[in-house]
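Asker: One structure, as structure tokens, below. Some questions next.
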Amino acid sequence: MGILNVTPDSFSDGGAYVETERAIAHALAMAEQGAAVIDIGGESTRPGAAPVDEHEELARVLPVIEGLRAQSDVFISVDTIKARVMREACAVGADMINDVMALQAPGAIEAARDSGAAVCLMHMQGEPRTMQSAPVYGDVVAEVRDFLQARVEACQAAGIDRNRICLDPGFGFGKTLEHNLELMRRLNAFVACDLPVLVGVSRKSMFVKLHGHDDMDSRIHASVTAAFWAVTQGARIIRSHDVARTVEALTLASALTDSP
Ligand code: 9MG
């Protein structure tokens, strides 16, 4: 899953049309490099990020989804927590809803159900503005897994088929480095839920804490290594900024783990 952020800091040096065209070109390049899914988001979920108005988010993501759909059959995911954005994104071509709030916002579960799209349910403790201030768990793996299982049940009760759902422990979303490492070590607890597991660790600040220094090269290297580990533990979808390098690592993982 290639990441396409359409936020002001990502493609903003031309007018709206130029930005849209550049975003679509980047999505097509990631698909060419081997991304099976493009995840398009118009609201940053980074620690400390401020919420974005619904109209602004729609204006950012809809032209990109529509334009990409017109040029490619690649599976399109919309990264949003808002019901209206889910509905409108799916109406113009999104195939999947990636929700860091696991469809808990008002109307989200109904929007996902009605769209017929696949959904990614992610765990987050708190909310992006404050989530990294002091995350606390007893057993992080059990708590995250129980939360995700409860959300799967809520989805099924609302009419979303189980075979449309994938699960994501939410690395970095209200978790310390040690919580993230424990989730990674025990990823099999999520794989055992018998739904595809998505892992998103790309370029995250957990690697800065682990290495004790911050440079993009180290972050990318660690992200690709973590992706390799995750797929060997049974993860099925890796969310990544660095598609070509990640695809190479996953090709090696498959070659080593698939029987000839
Ligand atoms: C939007 N977004 C940012 N990080 C993410 C992650 O780890 N997983 C998912 N599903 N979405 C994410």
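Naming works like this for the structure tokens: A, B, ... for the chains as they're shown, residue 1 at the start of each chain, ligands 1 onward in shown order.
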Just want the 6 Å neighbourhood of segment 155-167 of chain A, counted on only C-alpha atoms, with same-chain residues fewer than 6 positions away dropped. Output as a ChimeraX atom specification.
Answerer: /A:113,118-121,195-198
Asker: Once DSSP has gone over the backbone, tell me which residues of segment 50-254 of chain A are in strand (DSSP E or B), as an MDAnalysis selection string.
Answerer: chainID A and resid 75:79 96:99 118:122 165:168 197:200 237:240
Asker: How would the residues just picked look written out with C-alpha atoms as a short mmCIF file (atom, residue, chain, number, x, y, z; two decimals), in the first residue's frame?
Answerer:
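Result saved to again27.cif:
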```cif
data_model
loop_
_atom_site.label_atom_id
_atom_site.label_comp_id
_atom_site.auth_asym_id
_atom_site.auth_seq_id
_atom_site.Cartn_x
_atom_site.Cartn_y
_atom_site.Cartn_z
CA PHE A 75 -7.08 -0.42 -5.76
CA ILE A 76 -7.73 2.96 -4.12
CA SER A 77 -8.00 3.45 -0.37
CA VAL A 78 -9.22 6.66 1.26
CA ASP A 79 -7.57 7.50 4.57
CA MET A 96 -11.33 0.83 0.54
CA ILE A 97 -11.70 2.97 3.68
CA ASN A 98 -8.65 3.24 5.93
CA ASP A 99 -9.91 4.62 9.23
CA ALA A 118 -13.23 -2.85 2.08
CA VAL A 119 -12.29 -1.38 5.48
CA CYS A 120 -9.15 -1.18 7.57
CA LEU A 121 -9.88 -0.94 11.29
CA MET A 122 -6.95 0.61 13.15
CA ILE A 165 -12.29 -6.16 6.91
CA CYS A 166 -8.59 -5.95 7.69
CA LEU A 167 -6.96 -5.15 11.05
CA ASP A 168 -4.17 -2.79 12.03
CA VAL A 197 -3.30 -7.66 9.04
CA LEU A 198 -2.06 -4.27 7.81
CA VAL A 199 1.14 -2.82 9.25
CA GLY A 200 2.07 0.86 8.98
CA ILE A 237 -0.48 -5.39 3.74
CA ILE A 238 2.40 -2.98 4.34
CA ARG A 239 1.67 0.77 4.25
CA SER A 240 4.76 2.51 2.88
#
```
Asker: My list of candidates is A:Arg236, A:Leu187, A:Val201, A:Lys209. Which is closest to His221 of chain A when distances are computed with only C-alpha atoms?
Answerer: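 So, comparing all the options, the nearest one is A:Val201.
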Asker: Quick one: everything within 6 Å of segment 56-61 of chain A, counting only C-alpha atoms, minus sequence neighbours fewer than 3 positions away in the same chain. Send it as a list of chain:residue names.
Answerer: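 Neighbouring residues, sequence-local ones excluded: A:Gly42, A:Asp53, A:Val64.
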Asker: Using only N, CA, C and O atoms, please write the residues we just selected to a file, as a short mmCIF file (atom, residue, chain, number, x, y, z; two decimals), in the first residue's frame.
Answerer:
```cif
data_model
loop_
_atom_site.label_atom_id
_atom_site.label_comp_id
_atom_site.auth_asym_id
_atom_site.auth_seq_id
_atom_site.Cartn_x
_atom_site.Cartn_y
_atom_site.Cartn_z
N GLY A 42 -6.21 13.26 3.14
CA GLY A 42 -6.17 14.72 3.10
C GLY A 42 -6.12 15.35 4.48
O GLY A 42 -6.22 16.57 4.61
N ASP A 53 -10.96 20.67 8.39
CA ASP A 53 -12.36 20.87 8.07
C ASP A 53 -12.82 19.91 6.95
O ASP A 53 -12.05 19.64 6.02
N VAL A 64 -8.22 13.94 -6.67
CA VAL A 64 -7.12 12.97 -6.85
C VAL A 64 -7.70 11.57 -7.04
O VAL A 64 -7.27 10.82 -7.94
#
```
Asker: Extract, using only C-alpha atoms, all DNA, RNA and protein residues at most 8 Å from segment 179-185 of chain A, discarding same-chain residues fewer than 4 positions from it, and format them as a PDB file with N, CA, C and O atoms, in the first residue's frame.
Answerer:
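Output file out_23.pdb is given in full below:
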```
ATOM      1  N   VAL A 140      -0.424  -4.536  26.249  1.00  0.00           N
ATOM      2  CA  VAL A 140      -0.751  -3.781  25.037  1.00  0.00           C
ATOM      3  C   VAL A 140      -1.339  -4.682  23.951  1.00  0.00           C
ATOM      4  O   VAL A 140      -2.311  -4.308  23.277  1.00  0.00           O
ATOM      5  N   VAL A 141      -0.794  -5.883  23.793  1.00  0.00           N
ATOM      6  CA  VAL A 141      -1.265  -6.766  22.713  1.00  0.00           C
ATOM      7  C   VAL A 141      -2.715  -7.186  22.978  1.00  0.00           C
ATOM      8  O   VAL A 141      -3.578  -7.109  22.088  1.00  0.00           O
ATOM      9  N   PRO A 169      -2.841  -2.877  14.106  1.00  0.00           N
ATOM     10  CA  PRO A 169      -2.579  -2.534  15.515  1.00  0.00           C
ATOM     11  C   PRO A 169      -2.304  -1.049  15.740  1.00  0.00           C
ATOM     12  O   PRO A 169      -2.328  -0.585  16.885  1.00  0.00           O
ATOM     13  N   PHE A 171       0.573   1.155  14.832  1.00  0.00           N
ATOM     14  CA  PHE A 171       1.913   1.499  15.355  1.00  0.00           C
ATOM     15  C   PHE A 171       2.064   3.014  15.457  1.00  0.00           C
ATOM     16  O   PHE A 171       1.770   3.734  14.493  1.00  0.00           O
ATOM     17  N   GLY A 172       2.502   3.458  16.649  1.00  0.00           N
ATOM     18  CA  GLY A 172       2.747   4.894  16.840  1.00  0.00           C
ATOM     19  C   GLY A 172       1.519   5.705  17.208  1.00  0.00           C
ATOM     20  O   GLY A 172       1.632   6.900  17.450  1.00  0.00           O
ATOM     21  N   LYS A 175       1.211   4.987  21.470  1.00  0.00           N
ATOM     22  CA  LYS A 175       2.082   3.878  21.901  1.00  0.00           C
ATOM     23  C   LYS A 175       3.499   4.385  22.099  1.00  0.00           C
ATOM     24  O   LYS A 175       3.990   5.177  21.282  1.00  0.00           O
ATOM     25  N   MET A 206       9.081   6.242  15.887  1.00  0.00           N
ATOM     26  CA  MET A 206       9.545   5.156  16.761  1.00  0.00           C
ATOM     27  C   MET A 206      10.999   4.785  16.420  1.00  0.00           C
ATOM     28  O   MET A 206      11.777   4.410  17.296  1.00  0.00           O
ATOM     29  N   ALA A 230       7.526  -7.952   9.491  1.00  0.00           N
ATOM     30  CA  ALA A 230       6.071  -8.057   9.631  1.00  0.00           C
ATOM     31  C   ALA A 230       5.486  -9.104   8.680  1.00  0.00           C
ATOM     32  O   ALA A 230       4.633  -9.908   9.086  1.00  0.00           O
TER      33      ALA A 230
END
```
Asker: Check the smallest atom-to-atom distance from each of A:Asn188, A:Ser205, A:Gly34, A:Pro106 to Thr251 of chain A using only C-alpha atoms, then report the winner.
Answerer: A:Gly34
Asker: Do you have the atom CA of Thr7 of chain A-atom CA of Gly41 of chain A distance handy?
Answerer: 7.6 Å
Asker: Leaving out Ala222 of chain A and any residue of its chain fewer than 4 positions from it, which residues lie within 8 Å of it when counting only C-alpha atoms, given as an NGL selection string?
Answerer: :A and (203 or 207 or 218 or 226)
Asker: Hey, can you check how far atom CA of Ala94 of chain A sits from atom CA of Glu54 of chain A?
Answerer: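 These atoms are spaced 17.2 Å apart.
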Asker: Could you please determine the separation between atom CA of Val247 of chain A and atom CA of Asp95 of chain A in Å, to one decimal place?
Answerer: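 So the two atoms, atom CA of Val247 of chain A and atom CA of Asp95 of chain A, lie 21.5 Å apart.
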Asker: Give the answer as one residue: which of A:Thr257, A:Gln104, A:Ser202, A:Thr176 has the shortest atom-to-atom distance to Leu148 of chain A, using only C-alpha atoms?
Answerer: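 The answer is A:Gln104, which sits nearest to Leu148 of chain A.
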Asker: Among segment 54-245 of chain A, which residues carry a DSSP assignment of alpha helix (DSSP H), reported as a JSON list (two decimals) with N, CA and C atoms, in the first residue's frame?
Answerer:
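File produced: states-v4.json:
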```json
[["chain", "number", "residue", "atom", "x", "y", "z"],
["A", 54, "GLU", "N", -14.05, 19.44, 7.05],
["A", 54, "GLU", "CA", -14.57, 18.45, 6.10],
["A", 54, "GLU", "C", -14.52, 18.92, 4.64],
["A", 55, "HIS", "N", -14.89, 20.20, 4.42],
["A", 55, "HIS", "CA", -14.89, 20.72, 3.05],
["A", 55, "HIS", "C", -13.48, 20.75, 2.48],
["A", 56, "GLU", "N", -12.54, 21.14, 3.32],
["A", 56, "GLU", "CA", -11.14, 21.19, 2.89],
["A", 56, "GLU", "C", -10.64, 19.78, 2.56],
["A", 57, "GLU", "N", -10.98, 18.84, 3.41],
["A", 57, "GLU", "CA", -10.53, 17.45, 3.17],
["A", 57, "GLU", "C", -11.13, 16.91, 1.86],
["A", 58, "LEU", "N", -12.41, 17.19, 1.64],
["A", 58, "LEU", "CA", -13.05, 16.74, 0.39],
["A", 58, "LEU", "C", -12.37, 17.37, -0.81],
["A", 59, "ALA", "N", -12.07, 18.66, -0.70],
["A", 59, "ALA", "CA", -11.44, 19.37, -1.83],
["A", 59, "ALA", "C", -10.06, 18.81, -2.12],
["A", 60, "ARG", "N", -9.39, 18.31, -1.10],
["A", 60, "ARG", "CA", -8.05, 17.75, -1.31],
["A", 60, "ARG", "C", -8.10, 16.36, -1.95],
["A", 61, "VAL", "N", -8.98, 15.50, -1.45],
["A", 61, "VAL", "CA", -8.88, 14.10, -1.88],
["A", 61, "VAL", "C", -9.74, 13.75, -3.10],
["A", 62, "LEU", "N", -10.91, 14.38, -3.25],
["A", 62, "LEU", "CA", -11.82, 13.92, -4.32],
["A", 62, "LEU", "C", -11.22, 14.06, -5.73],
["A", 63, "PRO", "N", -10.61, 15.20, -6.08],
["A", 63, "PRO", "CA", -10.07, 15.29, -7.45],
["A", 63, "PRO", "C", -8.98, 14.27, -7.71],
["A", 64, "VAL", "N", -8.22, 13.94, -6.67],
["A", 64, "VAL", "CA", -7.12, 12.97, -6.85],
["A", 64, "VAL", "C", -7.70, 11.57, -7.04],
["A", 65, "ILE", "N", -8.67, 11.22, -6.23],
["A", 65, "ILE", "CA", -9.28, 9.88, -6.37],
["A", 65, "ILE", "C", -9.95, 9.75, -7.73],
["A", 66, "GLU", "N", -10.71, 10.79, -8.09],
["A", 66, "GLU", "CA", -11.43, 10.76, -9.37],
["A", 66, "GLU", "C", -10.45, 10.66, -10.54],
["A", 67, "GLY", "N", -9.40, 11.47, -10.48],
["A", 67, "GLY", "CA", -8.42, 11.49, -11.57],
["A", 67, "GLY", "C", -7.65, 10.19, -11.66],
["A", 68, "LEU", "N", -7.28, 9.65, -10.51],
["A", 68, "LEU", "CA", -6.54, 8.38, -10.50],
["A", 68, "LEU", "C", -7.42, 7.26, -11.03],
["A", 69, "ARG", "N", -8.69, 7.26, -10.59],
["A", 69, "ARG", "CA", -9.63, 6.21, -11.06],
["A", 69, "ARG", "C", -9.76, 6.24, -12.58],
["A", 70, "ALA", "N", -9.75, 7.46, -13.13],
["A", 70, "ALA", "CA", -9.91, 7.58, -14.59],
["A", 70, "ALA", "C", -8.69, 7.04, -15.34],
["A", 71, "GLN", "N", -7.54, 7.00, -14.66],
["A", 71, "GLN", "CA", -6.31, 6.61, -15.36],
["A", 71, "GLN", "C", -5.77, 5.24, -14.99],
["A", 83, "ALA", "N", -17.40, 10.37, 7.95],
["A", 83, "ALA", "CA", -18.42, 9.62, 7.19],
["A", 83, "ALA", "C", -18.65, 10.23, 5.81],
["A", 84, "ARG", "N", -18.75, 11.55, 5.75],
["A", 84, "ARG", "CA", -19.07, 12.17, 4.46],
["A", 84, "ARG", "C", -17.92, 11.98, 3.46],
["A", 85, "VAL", "N", -16.70, 12.06, 3.96],
["A", 85, "VAL", "CA", -15.55, 11.86, 3.06],
["A", 85, "VAL", "C", -15.55, 10.40, 2.57],
["A", 86, "MET", "N", -15.88, 9.47, 3.46],
["A", 86, "MET", "CA", -15.96, 8.05, 3.04],
["A", 86, "MET", "C", -16.96, 7.89, 1.91],
["A", 87, "ARG", "N", -18.16, 8.45, 2.12],
["A", 87, "ARG", "CA", -19.23, 8.28, 1.11],
["A", 87, "ARG", "C", -18.82, 8.89, -0.23],
["A", 88, "GLU", "N", -18.33, 10.13, -0.17],
["A", 88, "GLU", "CA", -18.03, 10.82, -1.44],
["A", 88, "GLU", "C", -16.81, 10.20, -2.13],
["A", 89, "ALA", "N", -15.84, 9.77, -1.34],
["A", 89, "ALA", "CA", -14.64, 9.15, -1.93],
["A", 89, "ALA", "C", -15.01, 7.85, -2.63],
["A", 90, "CYS", "N", -15.88, 7.07, -2.00],
["A", 90, "CYS", "CA", -16.27, 5.79, -2.62],
["A", 90, "CYS", "C", -17.13, 6.05, -3.85],
["A", 91, "ALA", "N", -17.91, 7.12, -3.82],
["A", 91, "ALA", "CA", -18.76, 7.44, -4.98],
["A", 91, "ALA", "C", -17.91, 7.80, -6.20],
["A", 108, "ALA", "N", -19.92, 6.78, 10.53],
["A", 108, "ALA", "CA", -18.84, 6.15, 9.76],
["A", 108, "ALA", "C", -19.16, 4.69, 9.43],
["A", 109, "ILE", "N", -19.69, 3.98, 10.39],
["A", 109, "ILE", "CA", -19.93, 2.54, 10.16],
["A", 109, "ILE", "C", -21.01, 2.37, 9.08],
["A", 110, "GLU", "N", -22.01, 3.25, 9.10],
["A", 110, "GLU", "CA", -23.09, 3.18, 8.10],
["A", 110, "GLU", "C", -22.53, 3.57, 6.71],
["A", 111, "ALA", "N", -21.67, 4.59, 6.70],
["A", 111, "ALA", "CA", -21.09, 5.01, 5.42],
["A", 111, "ALA", "C", -20.27, 3.88, 4.82],
["A", 112, "ALA", "N", -19.49, 3.21, 5.67],
["A", 112, "ALA", "CA", -18.66, 2.10, 5.18],
["A", 112, "ALA", "C", -19.56, 0.96, 4.69],
["A", 113, "ARG", "N", -20.59, 0.66, 5.47],
["A", 113, "ARG", "CA", -21.50, -0.42, 5.06],
["A", 113, "ARG", "C", -22.12, -0.11, 3.70],
["A", 114, "ASP", "N", -22.68, 1.10, 3.56],
["A", 114, "ASP", "CA", -23.40, 1.44, 2.33],
["A", 114, "ASP", "C", -22.48, 1.50, 1.12],
["A", 115, "SER", "N", -21.21, 1.84, 1.34],
["A", 115, "SER", "CA", -20.28, 1.99, 0.21],
["A", 115, "SER", "C", -19.92, 0.65, -0.41],
["A", 140, "VAL", "N", -0.42, -4.54, 26.25],
["A", 140, "VAL", "CA", -0.75, -3.78, 25.04],
["A", 140, "VAL", "C", -1.34, -4.68, 23.95],
["A", 141, "VAL", "N", -0.79, -5.88, 23.79],
["A", 141, "VAL", "CA", -1.27, -6.77, 22.71],
["A", 141, "VAL", "C", -2.72, -7.19, 22.98],
["A", 142, "ALA", "N", -3.00, -7.60, 24.22],
["A", 142, "ALA", "CA", -4.36, -8.05, 24.54],
["A", 142, "ALA", "C", -5.36, -6.90, 24.40],
["A", 143, "GLU", "N", -4.97, -5.71, 24.85],
["A", 143, "GLU", "CA", -5.91, -4.58, 24.79],
["A", 143, "GLU", "C", -6.19, -4.15, 23.35],
["A", 144, "VAL", "N", -5.15, -4.10, 22.54],
["A", 144, "VAL", "CA", -5.34, -3.69, 21.14],
["A", 144, "VAL", "C", -6.15, -4.76, 20.41],
["A", 145, "ARG", "N", -5.80, -6.03, 20.64],
["A", 145, "ARG", "CA", -6.54, -7.11, 19.97],
["A", 145, "ARG", "C", -8.02, -7.10, 20.37],
["A", 146, "ASP", "N", -8.29, -6.95, 21.69],
["A", 146, "ASP", "CA", -9.69, -6.96, 22.15],
["A", 146, "ASP", "C", -10.47, -5.80, 21.54],
["A", 147, "PHE", "N", -9.81, -4.63, 21.46],
["A", 147, "PHE", "CA", -10.48, -3.48, 20.84],
["A", 147, "PHE", "C", -10.84, -3.80, 19.39],
["A", 148, "LEU", "N", -9.86, -4.34, 18.64],
["A", 148, "LEU", "CA", -10.11, -4.61, 17.22],
["A", 148, "LEU", "C", -11.19, -5.67, 17.04],
["A", 149, "GLN", "N", -11.17, -6.67, 17.92],
["A", 149, "GLN", "CA", -12.21, -7.70, 17.81],
["A", 149, "GLN", "C", -13.59, -7.11, 18.07],
["A", 150, "ALA", "N", -13.67, -6.20, 19.05],
["A", 150, "ALA", "CA", -14.96, -5.56, 19.35],
["A", 150, "ALA", "C", -15.43, -4.72, 18.16],
["A", 151, "ARG", "N", -14.47, -4.07, 17.48],
["A", 151, "ARG", "CA", -14.85, -3.27, 16.31],
["A", 151, "ARG", "C", -15.30, -4.16, 15.14],
["A", 152, "VAL", "N", -14.66, -5.33, 15.01],
["A", 152, "VAL", "CA", -15.10, -6.27, 13.96],
["A", 152, "VAL", "C", -16.54, -6.69, 14.24],
["A", 153, "GLU", "N", -16.83, -6.98, 15.52],
["A", 153, "GLU", "CA", -18.21, -7.38, 15.87],
["A", 153, "GLU", "C", -19.19, -6.26, 15.59],
["A", 154, "ALA", "N", -18.80, -5.03, 15.92],
["A", 154, "ALA", "CA", -19.68, -3.88, 15.66],
["A", 154, "ALA", "C", -19.93, -3.74, 14.15],
["A", 155, "CYS", "N", -18.89, -3.94, 13.37],
["A", 155, "CYS", "CA", -19.04, -3.84, 11.91],
["A", 155, "CYS", "C", -19.99, -4.92, 11.39],
["A", 156, "GLN", "N", -19.78, -6.13, 11.88],
["A", 156, "GLN", "CA", -20.63, -7.23, 11.41],
["A", 156, "GLN", "C", -22.08, -6.99, 11.82],
["A", 157, "ALA", "N", -22.27, -6.50, 13.04],
["A", 157, "ALA", "CA", -23.64, -6.22, 13.51],
["A", 157, "ALA", "C", -24.30, -5.14, 12.65],
["A", 158, "ALA", "N", -23.48, -4.23, 12.13],
["A", 158, "ALA", "CA", -24.02, -3.13, 11.29],
["A", 158, "ALA", "C", -24.22, -3.58, 9.84],
["A", 177, "LEU", "N", 7.69, 3.48, 22.37],
["A", 177, "LEU", "CA", 8.56, 2.59, 21.60],
["A", 177, "LEU", "C", 8.38, 1.15, 22.08],
["A", 178, "GLU", "N", 8.36, 0.95, 23.39],
["A", 178, "GLU", "CA", 8.25, -0.42, 23.91],
["A", 178, "GLU", "C", 6.91, -1.06, 23.53],
["A", 179, "HIS", "N", 5.82, -0.27, 23.57],
["A", 179, "HIS", "CA", 4.52, -0.81, 23.10],
["A", 179, "HIS", "C", 4.62, -1.24, 21.63],
["A", 180, "ASN", "N", 5.23, -0.37, 20.81],
["A", 180, "ASN", "CA", 5.34, -0.70, 19.38],
["A", 180, "ASN", "C", 6.15, -1.97, 19.16],
["A", 181, "LEU", "N", 7.25, -2.10, 19.90],
["A", 181, "LEU", "CA", 8.10, -3.29, 19.74],
["A", 181, "LEU", "C", 7.35, -4.55, 20.19],
["A", 182, "GLU", "N", 6.60, -4.43, 21.27],
["A", 182, "GLU", "CA", 5.86, -5.59, 21.76],
["A", 182, "GLU", "C", 4.78, -6.02, 20.75],
["A", 183, "LEU", "N", 4.12, -5.03, 20.15],
["A", 183, "LEU", "CA", 3.11, -5.35, 19.12],
["A", 183, "LEU", "C", 3.78, -6.03, 17.92],
["A", 184, "MET", "N", 4.96, -5.57, 17.57],
["A", 184, "MET", "CA", 5.67, -6.14, 16.43],
["A", 184, "MET", "C", 6.14, -7.57, 16.75],
["A", 185, "ARG", "N", 6.66, -7.75, 17.99],
["A", 185, "ARG", "CA", 7.12, -9.09, 18.39],
["A", 185, "ARG", "C", 5.98, -10.09, 18.37],
["A", 188, "ASN", "N", 1.71, -12.13, 15.69],
["A", 188, "ASN", "CA", 0.91, -13.35, 15.45],
["A", 188, "ASN", "C", -0.41, -13.35, 16.22],
["A", 189, "ALA", "N", -0.50, -12.58, 17.30],
["A", 189, "ALA", "CA", -1.78, -12.49, 18.03],
["A", 189, "ALA", "C", -2.86, -11.85, 17.16],
["A", 190, "PHE", "N", -2.45, -10.98, 16.25],
["A", 190, "PHE", "CA", -3.42, -10.34, 15.34],
["A", 190, "PHE", "C", -3.68, -11.22, 14.12],
["A", 191, "VAL", "N", -2.61, -11.85, 13.64],
["A", 191, "VAL", "CA", -2.76, -12.76, 12.50],
["A", 191, "VAL", "C", -3.73, -13.89, 12.88],
["A", 206, "MET", "N", 9.08, 6.24, 15.89],
["A", 206, "MET", "CA", 9.55, 5.16, 16.76],
["A", 206, "MET", "C", 11.00, 4.78, 16.42],
["A", 207, "PHE", "N", 11.37, 4.91, 15.15],
["A", 207, "PHE", "CA", 12.75, 4.55, 14.76],
["A", 207, "PHE", "C", 13.76, 5.59, 15.24],
["A", 208, "VAL", "N", 13.30, 6.83, 15.36],
["A", 208, "VAL", "CA", 14.19, 7.87, 15.89],
["A", 208, "VAL", "C", 14.51, 7.54, 17.35],
["A", 209, "LYS", "N", 13.47, 7.12, 18.09],
["A", 209, "LYS", "CA", 13.69, 6.77, 19.49],
["A", 209, "LYS", "C", 14.60, 5.55, 19.59],
["A", 210, "LEU", "N", 14.39, 4.58, 18.71],
["A", 210, "LEU", "CA", 15.18, 3.35, 18.75],
["A", 210, "LEU", "C", 16.65, 3.63, 18.44],
["A", 211, "HIS", "N", 16.89, 4.46, 17.41],
["A", 211, "HIS", "CA", 18.27, 4.71, 16.98],
["A", 211, "HIS", "C", 18.96, 5.80, 17.79],
["A", 216, "MET", "N", 16.58, 10.69, 7.65],
["A", 216, "MET", "CA", 15.58, 10.02, 6.82],
["A", 216, "MET", "C", 16.08, 8.67, 6.31],
["A", 217, "ASP", "N", 17.36, 8.57, 6.01],
["A", 217, "ASP", "CA", 17.91, 7.31, 5.53],
["A", 217, "ASP", "C", 17.73, 6.18, 6.54],
["A", 218, "SER", "N", 18.03, 6.50, 7.81],
["A", 218, "SER", "CA", 17.86, 5.47, 8.86],
["A", 218, "SER", "C", 16.40, 5.11, 9.02],
["A", 219, "ARG", "N", 15.54, 6.12, 8.95],
["A", 219, "ARG", "CA", 14.11, 5.82, 9.10],
["A", 219, "ARG", "C", 13.63, 4.89, 7.98],
["A", 220, "ILE", "N", 14.09, 5.17, 6.75],
["A", 220, "ILE", "CA", 13.63, 4.35, 5.61],
["A", 220, "ILE", "C", 14.18, 2.93, 5.75],
["A", 221, "HIS", "N", 15.44, 2.84, 6.10],
["A", 221, "HIS", "CA", 16.07, 1.53, 6.26],
["A", 221, "HIS", "C", 15.34, 0.70, 7.32],
["A", 222, "ALA", "N", 15.06, 1.34, 8.45],
["A", 222, "ALA", "CA", 14.36, 0.63, 9.53],
["A", 222, "ALA", "C", 12.93, 0.27, 9.11],
["A", 223, "SER", "N", 12.30, 1.14, 8.36],
["A", 223, "SER", "CA", 10.92, 0.87, 7.91],
["A", 223, "SER", "C", 10.87, -0.36, 7.01],
["A", 224, "VAL", "N", 11.85, -0.45, 6.10],
["A", 224, "VAL", "CA", 11.88, -1.58, 5.17],
["A", 224, "VAL", "C", 12.20, -2.87, 5.94],
["A", 225, "THR", "N", 13.11, -2.77, 6.89],
["A", 225, "THR", "CA", 13.46, -3.95, 7.71],
["A", 225, "THR", "C", 12.24, -4.41, 8.52],
["A", 226, "ALA", "N", 11.52, -3.46, 9.09],
["A", 226, "ALA", "CA", 10.33, -3.80, 9.88],
["A", 226, "ALA", "C", 9.25, -4.41, 8.98],
["A", 227, "ALA", "N", 9.15, -3.91, 7.75],
["A", 227, "ALA", "CA", 8.18, -4.48, 6.81],
["A", 227, "ALA", "C", 8.51, -5.94, 6.53],
["A", 228, "PHE", "N", 9.80, -6.20, 6.36],
["A", 228, "PHE", "CA", 10.26, -7.58, 6.11],
["A", 228, "PHE", "C", 9.87, -8.47, 7.29],
["A", 229, "TRP", "N", 10.16, -7.99, 8.50],
["A", 229, "TRP", "CA", 9.81, -8.76, 9.70],
["A", 229, "TRP", "C", 8.30, -9.02, 9.74],
["A", 230, "ALA", "N", 7.53, -7.95, 9.49],
["A", 230, "ALA", "CA", 6.07, -8.06, 9.63],
["A", 230, "ALA", "C", 5.49, -9.10, 8.68],
["A", 231, "VAL", "N", 5.96, -9.13, 7.43],
["A", 231, "VAL", "CA", 5.38, -10.12, 6.52],
["A", 231, "VAL", "C", 5.83, -11.53, 6.88],
["A", 232, "THR", "N", 7.03, -11.67, 7.43],
["A", 232, "THR", "CA", 7.43, -13.02, 7.84],
["A", 232, "THR", "C", 6.59, -13.49, 9.03],
["A", 243, "VAL", "N", 7.90, 2.70, -1.86],
["A", 243, "VAL", "CA", 7.30, 1.49, -2.43],
["A", 243, "VAL", "C", 8.35, 0.58, -3.07],
["A", 244, "ALA", "N", 9.23, 1.15, -3.90],
["A", 244, "ALA", "CA", 10.17, 0.29, -4.63],
["A", 244, "ALA", "C", 11.03, -0.53, -3.66],
["A", 245, "ARG", "N", 11.57, 0.12, -2.65],
["A", 245, "ARG", "CA", 12.44, -0.60, -1.71],
["A", 245, "ARG", "C", 11.66, -1.60, -0.87]]
```
